[in-house]
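Undergrad: run.txt (compact mmCIF, C-alpha atoms) pasted underneath:
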```
# COMPACT_ATOMS: atom_id res chain seq x y z
CA MET A 1255 0.59 7.87 -23.13
CA LYS A 1256 0.95 9.42 -26.54
CA VAL A 1257 3.85 7.30 -27.77
CA ASN A 1258 3.94 8.63 -31.33
CA SER A 1259 3.15 12.28 -31.10
CA TYR A 1260 6.18 13.94 -29.53
CA HIS A 1261 7.75 17.10 -30.89
CA LEU A 1262 11.29 18.37 -30.68
CA TYR A 1263 10.98 20.31 -27.44
CA LEU A 1264 9.86 18.06 -24.64
CA ASN A 1265 8.81 19.06 -21.17
CA CYS A 1266 9.77 16.95 -18.16
CA ARG A 1267 6.46 15.13 -18.11
CA GLU A 1268 6.95 13.98 -21.69
CA ALA A 1269 10.60 13.17 -21.10
CA ALA A 1270 9.74 11.02 -18.06
CA GLU A 1271 7.21 9.11 -20.15
CA LEU A 1272 9.81 8.46 -22.83
CA LEU A 1273 12.50 7.48 -20.33
CA SER A 1274 10.18 4.78 -19.07
CA LEU A 1275 9.11 3.78 -22.57
CA GLU A 1276 12.66 3.44 -23.87
CA ARG A 1277 13.21 0.66 -21.35
CA GLU A 1278 10.54 -1.34 -23.17
CA LEU A 1279 11.14 -0.57 -26.83
CA ALA A 1280 13.43 1.22 -29.26
CA LEU A 1281 12.37 4.83 -29.74
CA GLY A 1282 12.33 6.34 -33.20
CA LEU A 1283 15.16 8.59 -34.30
CA VAL A 1284 13.30 11.89 -33.94
CA THR A 1285 11.89 11.00 -30.53
CA ARG A 1286 15.29 9.80 -29.38
CA SER A 1287 16.88 13.05 -30.51
CA ALA A 1288 14.27 15.12 -28.74
CA LEU A 1289 14.84 13.15 -25.56
CA ARG A 1290 18.60 13.54 -25.81
CA LEU A 1291 18.18 17.29 -26.30
CA HIS A 1292 15.97 17.54 -23.23
CA LEU A 1293 18.42 15.55 -21.11
CA LEU A 1294 21.23 17.88 -22.13
CA ILE A 1295 19.49 20.81 -20.54
CA CYS A 1296 17.58 19.12 -17.68
CA ARG A 1297 19.37 17.86 -14.59
CA SER A 1298 16.15 16.60 -12.99
CA CYS A 1299 15.45 14.30 -15.90
CA ARG A 1300 19.04 13.06 -15.97
CA ARG A 1301 18.55 12.09 -12.35
CA TYR A 1302 15.24 10.50 -13.17
CA ARG A 1303 16.88 8.40 -15.87
CA LYS A 1304 19.58 7.33 -13.43
CA GLN A 1305 16.96 6.34 -10.88
CA LEU A 1306 15.05 4.24 -13.41
CA HIS A 1307 18.29 2.48 -14.15
CA TRP A 1308 18.77 1.94 -10.43
CA LEU A 1309 15.27 0.43 -10.13
CA ASN A 1310 16.21 -2.02 -12.85
CA ARG A 1311 19.44 -3.00 -11.14
CA PHE A 1312 17.59 -3.30 -7.86
CA GLY A 1313 15.50 -5.98 -9.54
CA ASP A 1314 18.51 -7.84 -10.86
CA HIS A 1315 20.09 -7.81 -7.44
CA ALA A 1316 16.93 -8.87 -5.66
CA ASN A 1317 16.63 -11.72 -8.11
CA THR A 1318 19.98 -13.26 -7.32
CA ALA A 1319 21.00 -12.29 -3.80
CA GLU A 1320 19.60 -13.24 -0.44
CA LEU A 1321 17.90 -10.10 0.84
CA PRO A 1322 18.22 -8.65 4.36
CA LEU A 1323 14.49 -8.73 5.09
CA GLU A 1324 14.75 -9.12 8.86
CA GLN A 1325 12.74 -5.96 9.53
CA LEU A 1326 9.69 -7.32 7.77
CA PRO A 1327 7.25 -9.23 9.99
CA PRO A 1328 7.87 -12.97 10.50
CA LEU A 1329 5.48 -15.74 9.47
CA PRO A 1330 2.52 -15.46 11.88
CA GLU A 1331 2.21 -18.38 14.29
CA PRO A 1332 -1.25 -19.59 13.15
CA ALA A 1333 -0.04 -19.71 9.56
CA ARG A 1334 3.09 -21.56 10.64
CA GLN A 1335 1.03 -24.21 12.38
CA ARG A 1336 -1.29 -24.56 9.42
CA ILE A 1337 1.66 -24.98 7.05
CA ALA A 1338 3.33 -27.49 9.38
CA ALA A 1339 0.13 -29.55 9.40
CA ALA A 1340 -0.13 -29.42 5.61
CA LEU A 1341 3.48 -30.57 5.24
CA GLU A 1342 2.94 -33.35 7.75
CA GLN A 1343 -0.07 -34.59 5.84
CA GLU A 1344 1.76 -34.45 2.52
CA GLN A 1345 4.64 -36.49 3.94
CA ARG A 1346 2.32 -39.16 5.26
CA HIS A 1347 1.01 -39.60 1.75
CA ASP A 1348 4.46 -40.54 0.45
CA MET B 403 26.18 -33.54 0.98
CA PRO B 404 23.83 -34.55 3.80
CA LYS B 405 20.28 -35.02 2.71
CA SER B 406 18.10 -32.08 3.60
CA ASP B 407 15.37 -32.86 6.12
CA PRO B 408 12.02 -31.33 5.10
CA HIS B 409 11.01 -31.13 8.75
CA THR B 410 13.45 -28.28 9.24
CA TRP B 411 12.49 -26.33 6.12
CA LEU B 412 9.67 -24.43 7.74
CA ALA B 413 11.68 -23.55 10.83
CA ASP B 414 14.81 -22.61 8.90
CA HIS B 415 13.31 -20.81 5.91
CA GLY B 416 9.65 -20.08 6.70
CA ASP B 417 10.27 -16.53 7.87
CA TYR B 418 12.50 -15.67 4.94
CA LEU B 419 10.07 -17.05 2.35
CA PHE B 420 7.18 -15.27 4.04
CA ARG B 421 9.01 -11.95 4.04
CA TYR B 422 10.10 -12.39 0.44
CA ALA B 423 6.47 -12.96 -0.56
CA LEU B 424 5.15 -10.21 1.71
CA LEU B 425 7.34 -7.69 -0.06
CA GLN B 426 5.43 -8.36 -3.23
CA VAL B 427 1.85 -9.29 -2.47
CA ARG B 428 -1.04 -7.48 -0.82
CA ASN B 429 -1.36 -9.12 2.58
CA ASP B 430 -0.19 -11.70 5.12
CA ASP B 431 -2.73 -14.34 4.14
CA ILE B 432 -1.66 -14.40 0.51
CA ALA B 433 2.01 -14.46 1.50
CA ALA B 434 1.44 -17.36 3.93
CA ASP B 435 -0.50 -19.30 1.28
CA LEU B 436 2.36 -18.83 -1.14
CA VAL B 437 4.82 -20.14 1.45
CA GLN B 438 2.64 -23.22 1.97
CA ASP B 439 2.34 -23.83 -1.78
CA THR B 440 6.09 -23.44 -2.09
CA LEU B 441 6.98 -25.91 0.66
CA LEU B 442 4.47 -28.47 -0.59
CA ALA B 443 5.82 -28.17 -4.11
CA ALA B 444 9.37 -28.47 -2.75
CA LEU B 445 8.44 -31.58 -0.82
CA ARG B 446 7.06 -33.23 -3.95
CA ALA B 447 10.10 -32.18 -5.96
CA GLN B 448 12.79 -32.77 -3.37
CA GLY B 449 14.40 -35.42 -5.54
CA GLU B 450 15.29 -32.60 -7.93
CA PHE B 451 17.24 -30.67 -5.32
CA ARG B 452 20.85 -31.57 -5.95
CA GLY B 453 22.43 -29.49 -3.27
CA GLU B 454 24.30 -27.50 -5.92
CA SER B 455 22.51 -24.40 -4.78
CA ALA B 456 21.74 -23.54 -1.20
CA LEU B 457 18.42 -24.91 -0.06
CA ARG B 458 17.15 -21.37 0.55
CA THR B 459 18.00 -20.37 -3.00
CA TRP B 460 16.17 -23.40 -4.33
CA LEU B 461 13.09 -22.73 -2.20
CA THR B 462 13.11 -19.04 -3.15
CA GLY B 463 13.23 -20.06 -6.81
CA ILE B 464 10.08 -22.13 -6.35
CA LEU B 465 8.43 -19.27 -4.48
CA LYS B 466 9.23 -16.87 -7.33
CA HIS B 467 7.24 -19.07 -9.71
CA LYS B 468 4.35 -19.19 -7.26
CA ILE B 469 4.36 -15.40 -6.96
CA ILE B 470 4.37 -14.91 -10.73
CA ASP B 471 1.48 -17.37 -11.07
CA HIS B 472 -0.37 -15.43 -8.40
CA PHE B 473 0.20 -12.15 -10.26
CA ARG B 474 -1.06 -13.65 -13.50
CA ALA B 475 -4.21 -14.94 -11.87
CA ALA B 476 -4.76 -11.64 -10.06
CA GLN B 477 -4.37 -9.58 -13.22
CA ARG B 478 -6.75 -11.79 -15.13
CA THR B 479 -9.52 -11.52 -12.59
CA VAL B 480 -9.44 -7.72 -12.61
CA ALA B 481 -12.80 -6.14 -13.43
CA LEU B 482 -13.20 -4.68 -16.89
CA ALA B 483 -13.82 -1.28 -15.33
CA ASP B 484 -10.25 -1.35 -14.01
CA VAL B 485 -8.74 -1.71 -17.43
CA LEU B 486 -6.95 1.46 -18.34
CA PRO B 487 -7.98 3.74 -21.15
CA ASP B 488 -5.40 3.71 -23.91
CA ASP B 489 -4.51 7.38 -23.74
CA ALA B 490 -4.56 7.91 -20.03
CA ASP B 491 -3.71 11.53 -19.35
CA ASP B 492 -4.78 11.20 -15.81
CA ASP B 493 -4.62 12.03 -12.15
CA ALA B 494 -2.14 9.27 -11.36
CA VAL B 495 0.51 11.00 -13.45
CA ASP B 496 -0.76 14.57 -12.83
CA ALA B 497 0.32 14.35 -9.20
CA PHE B 498 3.98 14.14 -10.21
CA PHE B 499 4.05 17.15 -12.54
CA LEU B 500 3.10 20.81 -12.50
CA ALA B 501 0.70 22.22 -15.06
CA ASP B 502 3.62 23.40 -17.20
CA GLY B 503 5.07 19.88 -17.36
CA HIS B 504 7.90 20.35 -14.86
CA HIS B 505 8.51 17.83 -12.10
CA ASN B 506 6.42 18.58 -9.06
CA GLN B 507 9.18 17.22 -6.82
CA PRO B 508 12.34 17.36 -8.94
CA PRO B 509 14.41 14.20 -8.54
CA GLN B 510 17.40 14.64 -6.22
CA ALA B 511 20.80 13.00 -6.38
CA TRP B 512 20.62 9.73 -4.44
CA ALA B 513 23.38 9.27 -1.90
CA ASN B 514 24.64 5.75 -1.19
CA ALA B 515 22.32 4.26 -3.77
CA GLU B 516 24.59 1.23 -4.16
CA SER B 517 24.70 0.16 -0.54
CA ALA B 518 20.99 0.65 0.20
CA LEU B 519 20.14 -2.89 -0.87
CA GLU B 520 22.31 -4.32 1.88
CA GLN B 521 20.50 -2.49 4.65
CA GLN B 522 17.61 -4.02 6.56
CA GLN B 523 15.89 -0.69 7.11
CA PHE B 524 15.91 -0.01 3.39
CA TRP B 525 13.87 -3.13 2.67
CA ALA B 526 11.26 -2.07 5.21
CA VAL B 527 10.97 1.22 3.27
CA MET B 528 10.82 -0.69 -0.01
CA LYS B 529 7.96 -2.79 1.31
CA HIS B 530 6.15 0.34 2.43
CA CYS B 531 6.56 1.93 -1.00
CA LEU B 532 5.59 -1.16 -2.99
CA GLY B 533 2.61 -1.68 -0.69
CA GLY B 534 1.35 1.84 -1.36
CA MET B 535 1.00 1.24 -5.09
CA PRO B 536 -2.24 0.16 -6.75
CA ALA B 537 -2.17 -3.62 -7.18
CA ARG B 538 -1.92 -3.74 -10.97
CA GLN B 539 0.94 -1.28 -11.04
CA ARG B 540 2.81 -3.16 -8.36
CA GLN B 541 2.30 -6.49 -10.05
CA ALA B 542 3.40 -5.16 -13.43
CA PHE B 543 6.44 -3.51 -11.90
CA MET B 544 7.44 -6.62 -9.96
CA MET B 545 7.07 -8.90 -12.97
CA ARG B 546 9.09 -6.53 -15.13
CA GLU B 547 11.88 -5.37 -12.84
CA PHE B 548 12.00 -7.84 -9.98
CA HIS B 549 11.35 -11.02 -11.91
CA GLY B 550 12.95 -9.81 -15.11
CA MET B 551 10.14 -10.70 -17.50
CA ASP B 552 10.11 -8.87 -20.82
CA ALA B 553 7.22 -6.76 -21.98
CA ASP B 554 6.09 -9.09 -24.79
CA GLU B 555 5.95 -12.04 -22.43
CA MET B 556 4.01 -9.98 -19.91
CA CYS B 557 1.45 -8.75 -22.45
CA LYS B 558 0.74 -12.33 -23.45
CA ASN B 559 0.48 -13.46 -19.87
CA LEU B 560 -1.59 -10.58 -18.62
CA GLU B 561 -3.77 -10.17 -21.67
CA VAL B 562 -3.20 -6.43 -21.73
CA THR B 563 -2.15 -4.28 -24.65
CA SER B 564 1.42 -3.11 -24.68
CA THR B 565 0.26 0.51 -24.30
CA ASN B 566 -1.61 -0.33 -21.11
CA LEU B 567 1.42 -2.16 -19.80
CA TRP B 568 3.65 0.85 -20.53
CA VAL B 569 1.23 3.10 -18.68
CA LEU B 570 1.27 0.78 -15.67
CA LEU B 571 5.06 0.62 -15.64
CA HIS B 572 5.41 4.38 -16.11
CA ARG B 573 3.12 5.13 -13.17
CA ALA B 574 4.79 2.49 -11.01
CA ARG B 575 8.24 3.94 -11.69
CA LEU B 576 7.09 7.51 -11.00
CA TRP B 577 5.52 6.41 -7.76
CA LEU B 578 8.32 4.21 -6.52
CA ARG B 579 11.13 6.65 -7.22
CA ALA B 580 9.21 9.44 -5.49
CA CYS B 581 8.40 7.26 -2.48
CA LEU B 582 11.93 5.94 -2.10
CA GLU B 583 13.30 9.47 -2.33
CA GLN B 584 10.85 10.74 0.24
CA HIS B 585 11.37 7.93 2.74
CA TRP B 586 14.93 6.85 2.15
CA PHE B 587 17.25 8.57 -0.28
CA GLY B 588 16.09 12.07 0.62
CA THR B 589 16.91 11.40 4.26
CA GLN B 590 20.31 9.75 3.81
CA ARG B 591 23.30 11.97 4.40
CA GLY B 592 26.95 11.31 3.78
```
Would you encode the structure as C-alpha cells?

TA:
Amino acid sequence: MKVNSYHLYLNCREAAELLSLERELALGLVTRSALRLHLLICRSCRRYRKQLHWLNRFGDHANTAELPLEQLPPLPEPARQRIAAALEQEQRHD
Amino acid sequence: MPKSDPHTWLADHGDYLFRYALLQVRNDDIAADLVQDTLLAALRAQGEFRGESALRTWLTGILKHKIIDHFRAAQRTVALADVLPDDADDDAVDAFFLADGHHNQPPQAWANAESALEQQQFWAVMKHCLGGMPARQRQAFMMREFHGMDADEMCKNLEVTSTNLWVLLHRARLWLRACLEQHWFGTQRG
C-alpha cells in the first residue's frame, strides 16, 4: 500500500485502496480530491464504496441484534457433554 | 424477575453461542472452547446479571470478549515469516484487478442489501465467505467491523504497524465483497 504517493488520476485499484484507507484515517486534500474525481467517473468504484459502507453497517447490526444463525451447525454433542461436565464441576465448587 | 437457572443456559443458548463463535473462528473445537469459557465466566459472574438485558444478550457479550481475546492471542503467536511486507504489491490484491488497474470483476449493484441480514441463508453464506479468508485478515476484519474496535486500539493490541493493519483490512474487504457478491448478492433477484 503506497499511502502517500498517489497522483491526480487514479485507477480502480488505487481508488479501492484509498476507499478502504479512508475508513481508517483522514486522507490529505490532494488524495481526497483525486479520489472524488475518480468516483465521479467510475460507477464500479461508487458501488465498491457503497459496499464497504454496507460491510461496516453489517458489523454494527451484528453487534447489537440477535442473528438468525440457525443454518450454521449446532454445538456438537461431545462438546456439549464436556461443557455440561465443566459447568457441573464449577457449580460444585461454589 | 425470576432468577436465571444456570442449568438451562447450555440447553437454551449453547447452540446460539456456538454458532456465533463459529462464524468468526477457524473451527468447531475453538468455537466450543469459547462457549465453555463463556459459560464458566458467566457462572462466576452471575451475580452481575441484573436481568436488564436478555440473558442471551448478556452471554453473547461475554462471548464477544472471549473471541477478541482469542484473536489477540492468535495474532501474537503468528510466525515472523507471516508478517506482511510494508509495501505489499502482491498476489492477494492482484487477483481482484486487471493489469491496467481496472476491477477484474466490477462491483454490481446489490439488490435487497438491507434485508439480507435477517435471512438465515445469508448467514450461512457469510460464514462461508469469512471462513475462506486467511486467518489474520479475518481476525483483523472481525475486530474492526464486527466488534467495532478502532485502528489505533487494534495496532496496540496486535502489535502490528498501522500500514500492515490497513493492508489486512483492504484485502479482507476486497475478498469479502467479492465473495458475498458471487454467492449471495449476485444471485438475488427482485

Undergrad: Out of B:Ala515, B:Ala494, B:Ala475, B:Leu560, which residue has the shortest atom-to-atom distance to chain A when counting all atoms listed in the file?

TA: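 Looking only at the distances to chain A, the closest residue turns out to be B:Ala515.
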
Undergrad: So which one's closest to Glu1320 of chain A, B:Trp460, B:Phe543, B:Phe498, B:Phe587? Using all atoms listed in the file, please.

TA: B:Trp460

Undergrad: Skipping near chain neighbours, those fewer than 3 positions away, what residues fall within 9 Å of Phe473 of chain B using all atoms listed in the file, listed as a PyMOL selection string?

TA: chain B and resi 427+468-470+476-478+538+541-542+545+560

Undergrad: Using the selection just defined, write its residues with C-alpha atoms as a PDB file, in the coordinates of the input.

TA:
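This went into part_7.pdb:
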```pdb
ATOM      1  CA  VAL B 427       1.850  -9.290  -2.470  1.00  0.00           C
ATOM      2  CA  LYS B 468       4.350 -19.190  -7.260  1.00  0.00           C
ATOM      3  CA  ILE B 469       4.360 -15.400  -6.960  1.00  0.00           C
ATOM      4  CA  ILE B 470       4.370 -14.910 -10.730  1.00  0.00           C
ATOM      5  CA  ALA B 476      -4.760 -11.640 -10.060  1.00  0.00           C
ATOM      6  CA  GLN B 477      -4.370  -9.580 -13.220  1.00  0.00           C
ATOM      7  CA  ARG B 478      -6.750 -11.790 -15.130  1.00  0.00           C
ATOM      8  CA  ARG B 538      -1.920  -3.740 -10.970  1.00  0.00           C
ATOM      9  CA  GLN B 541       2.300  -6.490 -10.050  1.00  0.00           C
ATOM     10  CA  ALA B 542       3.400  -5.160 -13.430  1.00  0.00           C
ATOM     11  CA  MET B 545       7.070  -8.900 -12.970  1.00  0.00           C
ATOM     12  CA  LEU B 560      -1.590 -10.580 -18.620  1.00  0.00           C
TER      13      LEU B 560
END
```

Undergrad: With 7 Å as the limit and counting all atoms listed in the file, what residues in chain A lie close to chain B? Please list them as a list of chain:residue names.

TA: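 Residues passing the distance filter: A:Met1255, A:Lys1256, A:Asn1265, A:Cys1266, A:Arg1267, A:Glu1271, A:Ser1274, A:Leu1275, A:Glu1278, A:Ser1298, A:Arg1301, A:Tyr1302, A:Gln1305, A:Asn1310, A:Gly1313, A:Asp1314, A:Ala1316, A:Asn1317, A:Pro1322, A:Leu1323, A:Glu1324, A:Gln1325, A:Leu1326, A:Pro1327, A:Pro1328, A:Leu1329, A:Ala1333, A:Ile1337, A:Leu1341.
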
Undergrad: To one decimal in Å, tell me the separation between atom CA of Ala1340 of chain A and atom CA of Ala423 of chain B.

TA: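 About the pair atom CA of Ala1340 of chain A and atom CA of Ala423 of chain B: they are 18.8 Å apart.
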
Undergrad: One decimal, in Å: what's the spacing between atom CA of Asn429 of chain B and atom CA of Ala447 of chain B?

TA: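 Here the two named atoms are 27.1 Å from each other.
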
Undergrad: Calculate, to one decimal in Å, the centre and edge lengths of the box along x, y and z of the file that holds all listed atoms of segment 500-515 of chain B with 6 Å of margin on each side, and present them as JSON.

TA:
```
{"center_x": 12.7, "center_y": 13.8, "center_z": -9.3, "size_x": 35.9, "size_y": 31.1, "size_z": 28.2}
```

Undergrad: Rounded to one decimal, what separation in Å do you get between atom CA of Leu532 of chain B and atom CA of Leu1309 of chain A?

TA: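 Computing it gives 12.1 Å between the two atoms.
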
Undergrad: Which is closer to Arg540 of chain B than all the others in B:Gln426, B:Thr563, B:Thr479, B:Thr589, using all atoms listed in the file?

TA: B:Gln426

Undergrad: Can you list, as an MDAnalysis selection string, every protein, DNA or RNA residue that comes within 8 Å of Arg1303 of chain A when you count all atoms listed in the file, leaving out same-chain residues fewer than 3 positions away?

TA: chainID A and resid 1270 1273 1299:1300 1306:1307

Undergrad: Counting all atoms listed in the file, which residue out of B:Ala456, B:Trp586, B:Trp577, B:Met556 sits closest to Ala1319 of chain A?

TA: B:Ala456
